[in-house]
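Data block for data_27.csv (CSV, C-alpha atoms):
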chain,number,residue,atom,x,y,z
M,184,MET,CA,20.0,34.7,-31.3
M,185,ASN,CA,20.4,36.4,-27.9
M,186,PRO,CA,23.7,36.4,-25.9
M,187,ALA,CA,22.6,33.4,-23.8
M,188,GLN,CA,21.8,31.4,-26.9
M,189,SER,CA,25.0,32.3,-28.4
M,190,ILE,CA,27.1,31.2,-25.4
M,191,ALA,CA,25.1,28.0,-25.2
M,192,GLN,CA,25.5,27.2,-28.8
M,193,GLN,CA,29.3,27.8,-28.6
M,194,PHE,CA,29.4,25.6,-25.5
M,195,LEU,CA,27.5,22.7,-27.1
M,196,GLN,CA,29.6,22.9,-30.3
M,197,GLN,CA,32.7,22.5,-28.2
M,198,TYR,CA,31.1,19.7,-26.0
M,199,TYR,CA,29.9,17.5,-28.9
M,200,GLN,CA,33.0,18.2,-31.0
M,201,THR,CA,35.2,16.9,-28.2
M,202,LEU,CA,32.9,13.9,-27.6
M,203,MET,CA,33.2,13.1,-31.4
M,204,THR,CA,36.9,13.5,-31.7
M,205,ASN,CA,38.5,12.7,-28.3
M,206,LYS,CA,36.0,11.5,-25.7
M,207,MET,CA,38.4,11.3,-22.8
M,208,ALA,CA,39.0,15.1,-23.1
M,209,LEU,CA,35.4,15.6,-22.3
M,210,ILE,CA,36.5,15.6,-18.7
M,211,GLN,CA,37.7,19.2,-19.1
M,212,PHE,CA,34.1,20.3,-19.0
M,213,TYR,CA,33.5,18.8,-15.5
M,214,THR,CA,34.7,19.5,-12.0
M,215,ASP,CA,34.4,17.5,-8.7
M,216,ALA,CA,31.1,19.3,-8.2
M,217,SER,CA,29.7,17.9,-11.4
M,218,ILE,CA,27.0,15.3,-11.7
M,219,MET,CA,26.4,13.2,-14.8
M,220,THR,CA,23.5,10.8,-15.5
M,221,TYR,CA,23.7,8.6,-18.6
M,222,GLY,CA,20.8,6.2,-19.3
M,223,GLY,CA,19.6,6.3,-15.7
M,224,GLU,CA,23.1,5.8,-14.0
M,225,GLN,CA,24.5,8.7,-12.0
M,226,TYR,CA,28.2,9.6,-11.7
M,227,ASN,CA,29.4,12.2,-9.2
M,228,GLY,CA,32.7,14.1,-9.5
M,229,LEU,CA,35.8,13.7,-11.7
M,230,LYS,CA,36.8,10.2,-10.8
M,231,ALA,CA,33.4,8.6,-11.5
M,232,ILE,CA,32.9,10.7,-14.6
M,233,ASN,CA,36.3,9.8,-16.0
M,234,GLU,CA,35.6,6.1,-15.4
M,235,LYS,CA,32.3,6.4,-17.3
M,236,LEU,CA,34.1,8.1,-20.2
M,237,GLU,CA,36.6,5.3,-20.3
M,238,SER,CA,33.8,2.7,-20.4
M,239,LEU,CA,32.1,4.2,-23.5
M,240,ALA,CA,32.8,1.5,-26.0
M,241,PHE,CA,32.3,3.2,-29.4
M,242,GLN,CA,35.1,3.7,-31.9
M,243,GLN,CA,33.3,6.5,-33.7
M,244,ILE,CA,30.3,8.6,-32.8
M,245,VAL,CA,28.4,11.3,-34.8
M,246,TYR,CA,26.1,13.8,-33.0
M,247,LYS,CA,23.6,16.0,-34.7
M,248,VAL,CA,21.8,18.6,-32.6
M,249,ASP,CA,18.2,19.3,-33.8
M,250,ASP,CA,17.0,21.8,-31.2
M,251,MET,CA,18.4,23.7,-28.3
M,252,ASP,CA,16.5,25.6,-25.6
M,253,VAL,CA,18.3,28.0,-23.2
M,254,GLN,CA,17.2,29.7,-20.0
M,255,PRO,CA,19.0,31.5,-17.2
M,256,GLY,CA,20.1,29.0,-14.6
M,257,ALA,CA,19.7,29.2,-10.8
M,258,VAL,CA,22.8,31.3,-10.2
M,259,GLN,CA,24.1,34.4,-11.9
M,260,ASN,CA,25.8,33.8,-15.3
M,261,SER,CA,24.6,30.2,-15.3
M,262,LEU,CA,22.6,28.6,-18.1
M,263,PHE,CA,20.0,25.8,-18.2
M,264,LEU,CA,20.1,24.0,-21.5
M,265,PHE,CA,17.9,21.4,-23.2
M,266,VAL,CA,19.1,19.6,-26.4
M,267,THR,CA,17.4,17.2,-28.7
M,268,GLY,CA,19.1,15.4,-31.6
M,269,THR,CA,20.4,12.2,-33.0
M,270,LEU,CA,23.5,10.1,-32.6
M,271,GLN,CA,25.1,7.3,-34.5
M,272,MET,CA,27.8,4.9,-33.1
M,273,ASP,CA,30.1,2.8,-35.3
M,274,GLY,CA,27.8,2.6,-38.3
M,275,SER,CA,24.8,1.3,-36.3
M,276,ASP,CA,21.3,2.8,-36.5
M,277,THR,CA,20.7,6.4,-35.7
M,278,PHE,CA,19.1,7.0,-32.2
M,279,LYS,CA,17.3,10.0,-30.9
M,280,PHE,CA,18.5,11.6,-27.7
M,281,SER,CA,17.5,14.3,-25.2
M,282,GLN,CA,20.1,15.9,-23.0
M,283,SER,CA,19.8,18.6,-20.3
M,284,PHE,CA,22.7,20.6,-18.9
M,285,GLN,CA,23.2,23.3,-16.3
M,286,ILE,CA,26.5,25.2,-16.8
M,287,LEU,CA,27.9,27.4,-14.1
M,288,PRO,CA,30.9,29.9,-13.9
M,289,ASN,CA,34.0,28.0,-13.0
M,290,GLY,CA,35.7,30.9,-11.1
M,291,GLN,CA,38.3,31.3,-13.8
M,292,GLY,CA,36.3,33.1,-16.5
M,293,GLY,CA,34.9,29.9,-18.1
M,294,LEU,CA,31.9,27.6,-17.6
M,295,TYR,CA,31.7,24.0,-16.3
M,296,VAL,CA,29.0,21.4,-16.5
M,297,HIS,CA,27.4,21.2,-13.1
M,298,ASN,CA,24.4,19.0,-14.2
M,299,ASP,CA,24.3,16.7,-17.2
M,300,ILE,CA,21.5,14.2,-17.9
M,301,PHE,CA,21.4,12.2,-21.1
M,302,ARG,CA,18.8,9.7,-22.3
M,303,LEU,CA,18.2,8.0,-25.6
M,304,VAL,CA,14.6,8.4,-26.7
M,305,TYR,CA,12.9,5.3,-28.2
Q,223,MET,CA,14.8,5.5,-3.9
Q,224,ASN,CA,16.9,8.1,-2.2
Q,225,PRO,CA,15.5,11.3,-0.5
Q,226,ALA,CA,16.1,13.5,-3.5
Q,227,GLN,CA,14.3,11.0,-5.8
Q,228,SER,CA,11.5,10.8,-3.3
Q,229,ILE,CA,11.0,14.6,-3.2
Q,230,ALA,CA,11.3,14.8,-7.0
Q,231,GLN,CA,8.7,12.0,-7.5
Q,232,GLN,CA,6.3,13.7,-5.1
Q,233,PHE,CA,6.8,17.0,-6.9
Q,234,LEU,CA,6.2,15.5,-10.3
Q,235,GLN,CA,3.1,13.7,-9.2
Q,236,GLN,CA,1.6,17.0,-7.9
Q,237,TYR,CA,2.7,18.9,-11.1
Q,238,TYR,CA,1.3,16.4,-13.6
Q,239,GLN,CA,-1.8,15.7,-11.6
Q,240,THR,CA,-2.6,19.5,-11.5
Q,241,LEU,CA,-1.9,19.8,-15.2
Q,242,MET,CA,-4.3,16.9,-15.8
Q,243,THR,CA,-7.2,18.1,-13.6
Q,244,ASN,CA,-6.9,21.9,-13.4
Q,245,LYS,CA,-4.3,23.4,-15.8
Q,246,MET,CA,-4.7,27.0,-14.5
Q,247,GLY,CA,-3.8,25.7,-11.1
Q,248,LEU,CA,-0.3,24.9,-12.4
Q,249,ILE,CA,0.6,28.6,-11.8
Q,250,GLN,CA,1.1,27.8,-8.1
Q,251,PHE,CA,4.4,26.0,-9.0
Q,252,TYR,CA,5.9,29.2,-10.5
Q,253,THR,CA,7.1,32.6,-9.3
Q,254,ASP,CA,8.1,35.7,-11.1
Q,255,ALA,CA,11.7,34.3,-11.3
Q,256,SER,CA,10.5,31.3,-13.3
Q,257,HIS,CA,11.2,30.5,-16.9
Q,258,MET,CA,9.1,28.1,-19.0
Q,259,THR,CA,9.9,27.0,-22.5
Q,260,TYR,CA,7.3,25.0,-24.4
Q,261,GLY,CA,8.0,23.8,-27.9
Q,262,GLY,CA,10.8,26.3,-28.3
Q,263,GLN,CA,8.9,29.4,-27.0
Q,264,GLN,CA,10.1,30.9,-23.8
Q,265,HIS,CA,7.8,32.5,-21.2
Q,266,ASP,CA,9.3,34.5,-18.2
Q,267,GLY,CA,7.5,35.2,-15.0
Q,268,LEU,CA,4.0,34.8,-13.7
Q,269,LYS,CA,2.1,36.9,-16.2
Q,270,GLN,CA,3.6,35.2,-19.3
Q,271,ILE,CA,3.3,31.8,-17.8
Q,272,ASN,CA,-0.3,32.4,-16.9
Q,273,GLU,CA,-1.1,33.5,-20.4
Q,274,LYS,CA,0.6,30.4,-21.8
Q,275,LEU,CA,-1.5,28.2,-19.5
Q,276,GLU,CA,-4.6,30.0,-20.7
Q,277,SER,CA,-3.7,29.4,-24.3
Q,278,LEU,CA,-3.4,25.6,-23.9
Q,279,ALA,CA,-6.3,24.4,-26.0
Q,280,PHE,CA,-6.9,20.8,-24.8
Q,281,GLN,CA,-10.1,19.8,-22.9
Q,282,LYS,CA,-8.4,16.7,-21.5
Q,283,ILE,CA,-4.8,15.6,-21.2
Q,284,VAL,CA,-3.3,12.4,-19.8
Q,285,TYR,CA,0.4,12.2,-18.8
Q,286,LYS,CA,2.4,9.0,-18.3
Q,287,ILE,CA,5.9,9.2,-16.9
Q,288,ASP,CA,8.3,6.5,-18.2
Q,289,ASP,CA,11.6,7.7,-16.6
Q,290,MET,CA,12.8,10.3,-14.1
Q,291,ASP,CA,16.4,11.3,-13.4
Q,292,VAL,CA,17.2,13.5,-10.4
Q,293,GLN,CA,20.4,15.4,-9.5
Q,294,PRO,CA,21.3,18.0,-6.9
Q,295,GLY,CA,20.8,21.5,-8.5
Q,296,ALA,CA,23.1,24.5,-8.4
Q,297,LEU,CA,21.9,25.7,-5.0
Q,298,GLU,CA,21.4,23.9,-1.7
Q,299,ASN,CA,18.2,22.0,-1.5
Q,300,SER,CA,17.5,22.5,-5.2
Q,301,LEU,CA,16.9,19.6,-7.7
Q,302,PHE,CA,17.6,19.2,-11.4
Q,303,ILE,CA,15.1,16.7,-12.8
Q,304,PHE,CA,14.7,15.1,-16.2
Q,305,VAL,CA,11.5,13.3,-17.2
Q,306,THR,CA,10.6,11.2,-20.3
Q,307,GLY,CA,7.1,10.0,-20.9
Q,308,SER,CA,4.1,10.2,-23.1
Q,309,LEU,CA,1.0,12.4,-23.3
Q,310,GLN,CA,-2.4,12.3,-25.0
Q,311,MET,CA,-4.6,15.3,-25.5
Q,312,ASP,CA,-8.4,14.9,-26.1
Q,313,GLU,CA,-8.7,11.9,-28.5
Q,314,ALA,CA,-5.5,12.5,-30.4
Q,315,GLU,CA,-2.6,9.9,-30.6
Q,316,ALA,CA,-0.1,9.6,-27.8
Q,317,TYR,CA,3.1,11.7,-28.2
Q,318,LYS,CA,6.4,11.1,-26.5
Q,319,PHE,CA,7.8,14.1,-24.5
Q,320,SER,CA,11.0,15.1,-22.6
Q,321,GLN,CA,10.9,17.7,-19.9
Q,322,SER,CA,13.6,19.2,-17.7
Q,323,PHE,CA,13.1,21.1,-14.5
Q,324,GLN,CA,15.1,22.8,-11.8
Q,325,ILE,CA,13.2,23.3,-8.6
Q,326,LEU,CA,14.4,25.7,-5.9
Q,327,PRO,CA,13.4,26.5,-2.3
Q,328,ASN,CA,10.7,29.2,-2.3
Q,329,GLY,CA,11.7,30.7,1.0
Q,330,GLN,CA,8.5,29.4,2.6
Q,331,GLY,CA,9.5,25.8,3.1
Q,332,GLY,CA,8.4,24.7,-0.3
Q,333,LEU,CA,9.8,24.4,-3.8
Q,334,TYR,CA,9.1,26.3,-7.0
Q,335,VAL,CA,9.9,25.7,-10.6
Q,336,HIS,CA,12.8,28.0,-11.6
Q,337,ASN,CA,13.4,26.3,-14.9
Q,338,ASP,CA,11.0,24.3,-17.0
Q,339,ILE,CA,11.7,23.1,-20.6
Q,340,PHE,CA,9.3,20.9,-22.4
Q,341,ARG,CA,9.6,19.3,-25.9
Q,342,LEU,CA,7.6,16.7,-27.8
Q,343,VAL,CA,9.9,14.1,-29.3
Q,344,TYR,CA,9.0,13.0,-32.8
Would you mind writing the structure in this file as structure tokens?
Amino acid sequence: MNPAQSIAQQFLQQYYQTLMTNKMALIQFYTDASIMTYGGEQYNGLKAINEKLESLAFQQIVYKVDDMDVQPGAVQNSLFLFVTGTLQMDGSDTFKFSQSFQILPNGQGGLYVHNDIFRLVY
Amino acid sequence: MNPAQSIAQQFLQQYYQTLMTNKMGLIQFYTDASHMTYGGQQHDGLKQINEKLESLAFQKIVYKIDDMDVQPGALENSLFIFVTGSLQMDEAEAYKFSQSFQILPNGQGGLYVHNDIFRLVY
């Protein structure tokens, strides 16, 4: 695993772990420059993303990442990620998903999610 | 459809049309700064991407796009695009795929593919 893959894997572990244990805290990965698209609906900036997180209606969710692809992003120290996996909400069936991210330096030594597109795959 | 979606749709039409009619012509969408990942294998720059295109062994391929999500990319006038659809090679069955792109200005009034990640979804 090269350094970019290592950083990406660490980021994804934190991201999905947060989503599974405390979904509202996922907001820490975003800034007002962030854009999230979930099932075709787009949310720009912290307020819209926070409202979307509040609206997610599951009690329990389990994510399993099957594959991860990592490339250098458009700016220095950014990463372009592509994830495929499965998720299960509240004991329902398991669904396949694909999710693509671009993570950028946040100016404070960390990374934030600039782009986030999620789709279930039927 | 907003302007970003319109540009993205036009780009995708050109991209997939080229792939369906003249796969080696796809190289026009890439530069030496480009990264392409296909089924988990990464190819950086024109030489590697050209070799990958040469290695694609189908005689005929048909792409059908089901959904497209578009966001502003990390740089001005860049786009972050997520596509789901299906493809069929020669007389094989249809397969679902997901593909994520980031397209950037090429300095000559057009756009090039900086990031391209493709995966079949089983």
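Residues with any atom within 8 Å of Ser256 in chain Q, counting only C-alpha atoms and excluding same-chain neighbours fewer than 6 positions away, are Asp266, Gly267, Leu268, Val335, His336, Asn337 and Asp338 of chain Q.
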Any chance you could tabulate, as JSON lines, the residues of chain M at most 12 Å from chain Q with each one's nearest atom pair and distance in Å to one decimal, using only C-alpha atoms, in chain and rising number order?
{"residue": "M:Ala216", "atom": "CA", "partner": "Q:Ala296", "partner_atom": "CA", "distance": 9.5}
{"residue": "M:Ser217", "atom": "CA", "partner": "Q:Pro294", "partner_atom": "CA", "distance": 9.5}
{"residue": "M:Ile218", "atom": "CA", "partner": "Q:Gln293", "partner_atom": "CA", "distance": 7.0}
{"residue": "M:Met219", "atom": "CA", "partner": "Q:Gln293", "partner_atom": "CA", "distance": 8.3}
{"residue": "M:Thr220", "atom": "CA", "partner": "Q:Asp291", "partner_atom": "CA", "distance": 7.4}
{"residue": "M:Tyr221", "atom": "CA", "partner": "Q:Asp291", "partner_atom": "CA", "distance": 9.4}
{"residue": "M:Gly222", "atom": "CA", "partner": "Q:Asp291", "partner_atom": "CA", "distance": 9.0}
{"residue": "M:Gly223", "atom": "CA", "partner": "Q:Asp291", "partner_atom": "CA", "distance": 6.4}
{"residue": "M:Glu224", "atom": "CA", "partner": "Q:Asp291", "partner_atom": "CA", "distance": 8.7}
{"residue": "M:Gln225", "atom": "CA", "partner": "Q:Gln293", "partner_atom": "CA", "distance": 8.2}
{"residue": "M:Tyr226", "atom": "CA", "partner": "Q:Gln293", "partner_atom": "CA", "distance": 10.0}
{"residue": "M:Asn227", "atom": "CA", "partner": "Q:Gln293", "partner_atom": "CA", "distance": 9.6}
{"residue": "M:Asp249", "atom": "CA", "partner": "Q:Val343", "partner_atom": "CA", "distance": 10.8}
{"residue": "M:Asp250", "atom": "CA", "partner": "Q:Gly262", "partner_atom": "CA", "distance": 8.2}
{"residue": "M:Met251", "atom": "CA", "partner": "Q:Gly262", "partner_atom": "CA", "distance": 8.0}
{"residue": "M:Asp252", "atom": "CA", "partner": "Q:Gly262", "partner_atom": "CA", "distance": 6.3}
{"residue": "M:Val253", "atom": "CA", "partner": "Q:Thr259", "partner_atom": "CA", "distance": 8.5}
{"residue": "M:Gln254", "atom": "CA", "partner": "Q:His257", "partner_atom": "CA", "distance": 6.8}
{"residue": "M:Pro255", "atom": "CA", "partner": "Q:His257", "partner_atom": "CA", "distance": 7.9}
{"residue": "M:Gly256", "atom": "CA", "partner": "Q:Asn337", "partner_atom": "CA", "distance": 7.2}
{"residue": "M:Ala257", "atom": "CA", "partner": "Q:Ala296", "partner_atom": "CA", "distance": 6.3}
{"residue": "M:Val258", "atom": "CA", "partner": "Q:Ala296", "partner_atom": "CA", "distance": 7.0}
{"residue": "M:Gln259", "atom": "CA", "partner": "Q:Ala296", "partner_atom": "CA", "distance": 10.5}
{"residue": "M:Asn260", "atom": "CA", "partner": "Q:Ala296", "partner_atom": "CA", "distance": 11.9}
{"residue": "M:Ser261", "atom": "CA", "partner": "Q:Ala296", "partner_atom": "CA", "distance": 9.1}
{"residue": "M:Leu262", "atom": "CA", "partner": "Q:Asn337", "partner_atom": "CA", "distance": 10.0}
{"residue": "M:Phe263", "atom": "CA", "partner": "Q:Asn337", "partner_atom": "CA", "distance": 7.4}
{"residue": "M:Leu264", "atom": "CA", "partner": "Q:Ile339", "partner_atom": "CA", "distance": 8.5}
{"residue": "M:Phe265", "atom": "CA", "partner": "Q:Ile339", "partner_atom": "CA", "distance": 6.9}
{"residue": "M:Val266", "atom": "CA", "partner": "Q:Arg341", "partner_atom": "CA", "distance": 9.5}
{"residue": "M:Thr267", "atom": "CA", "partner": "Q:Val343", "partner_atom": "CA", "distance": 8.1}
{"residue": "M:Gly268", "atom": "CA", "partner": "Q:Val343", "partner_atom": "CA", "distance": 9.6}
{"residue": "M:Thr269", "atom": "CA", "partner": "Q:Val343", "partner_atom": "CA", "distance": 11.3}
{"residue": "M:Phe278", "atom": "CA", "partner": "Q:Tyr344", "partner_atom": "CA", "distance": 11.8}
{"residue": "M:Lys279", "atom": "CA", "partner": "Q:Val343", "partner_atom": "CA", "distance": 8.6}
{"residue": "M:Phe280", "atom": "CA", "partner": "Q:Val343", "partner_atom": "CA", "distance": 9.1}
{"residue": "M:Ser281", "atom": "CA", "partner": "Q:Ser320", "partner_atom": "CA", "distance": 7.0}
{"residue": "M:Gln282", "atom": "CA", "partner": "Q:Phe304", "partner_atom": "CA", "distance": 8.7}
{"residue": "M:Ser283", "atom": "CA", "partner": "Q:Ser322", "partner_atom": "CA", "distance": 6.7}
{"residue": "M:Phe284", "atom": "CA", "partner": "Q:Phe302", "partner_atom": "CA", "distance": 9.2}
{"residue": "M:Gln285", "atom": "CA", "partner": "Q:Ala296", "partner_atom": "CA", "distance": 8.0}
{"residue": "M:Ile286", "atom": "CA", "partner": "Q:Ala296", "partner_atom": "CA", "distance": 9.1}
{"residue": "M:Leu287", "atom": "CA", "partner": "Q:Ala296", "partner_atom": "CA", "distance": 8.0}
{"residue": "M:Pro288", "atom": "CA", "partner": "Q:Ala296", "partner_atom": "CA", "distance": 11.0}
{"residue": "M:Tyr295", "atom": "CA", "partner": "Q:Ala296", "partner_atom": "CA", "distance": 11.7}
{"residue": "M:Val296", "atom": "CA", "partner": "Q:Ala296", "partner_atom": "CA", "distance": 10.5}
{"residue": "M:His297", "atom": "CA", "partner": "Q:Ala296", "partner_atom": "CA", "distance": 7.2}
{"residue": "M:Asn298", "atom": "CA", "partner": "Q:Gln293", "partner_atom": "CA", "distance": 7.1}
{"residue": "M:Asp299", "atom": "CA", "partner": "Q:Gln293", "partner_atom": "CA", "distance": 8.7}
{"residue": "M:Ile300", "atom": "CA", "partner": "Q:Phe304", "partner_atom": "CA", "distance": 7.1}
{"residue": "M:Phe301", "atom": "CA", "partner": "Q:Phe304", "partner_atom": "CA", "distance": 8.8}
{"residue": "M:Arg302", "atom": "CA", "partner": "Q:Thr306", "partner_atom": "CA", "distance": 8.6}
{"residue": "M:Leu303", "atom": "CA", "partner": "Q:Thr306", "partner_atom": "CA", "distance": 9.8}
{"residue": "M:Val304", "atom": "CA", "partner": "Q:Val343", "partner_atom": "CA", "distance": 7.8}
{"residue": "M:Tyr305", "atom": "CA", "partner": "Q:Lys318", "partner_atom": "CA", "distance": 8.9}
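For the set Q:Tyr334, Q:Met223, Q:Ser308, Q:Lys269, the residue with the smallest atom-to-atom gap to Tyr252 in chain Q is Q:Tyr334, counting all atoms listed in the file.
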**OP:** Record the distance separating CA of Phe233 in chain Q and CA of Lys286 in chain Q, expressed in Å with one decimal.
**Re:** 14.6 Å
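Atom pair CA of Asp273 in chain M / CA of Asn233 in chain M has a distance of 21.4 Å (rounded to one decimal).
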Subject >> Computed interatomic separation between CA of Leu270 in chain M and CA of Lys230 in chain M (Å) >> reply: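 Between these atoms lies a distance of 25.5 Å.
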Subject >> Shortest interatomic distance to Ile229 in chain Q - which of Q:Ser277, Q:Asn299, Q:Thr243, Q:Gln270, counting only C-alpha atoms >> reply: Q:Asn299
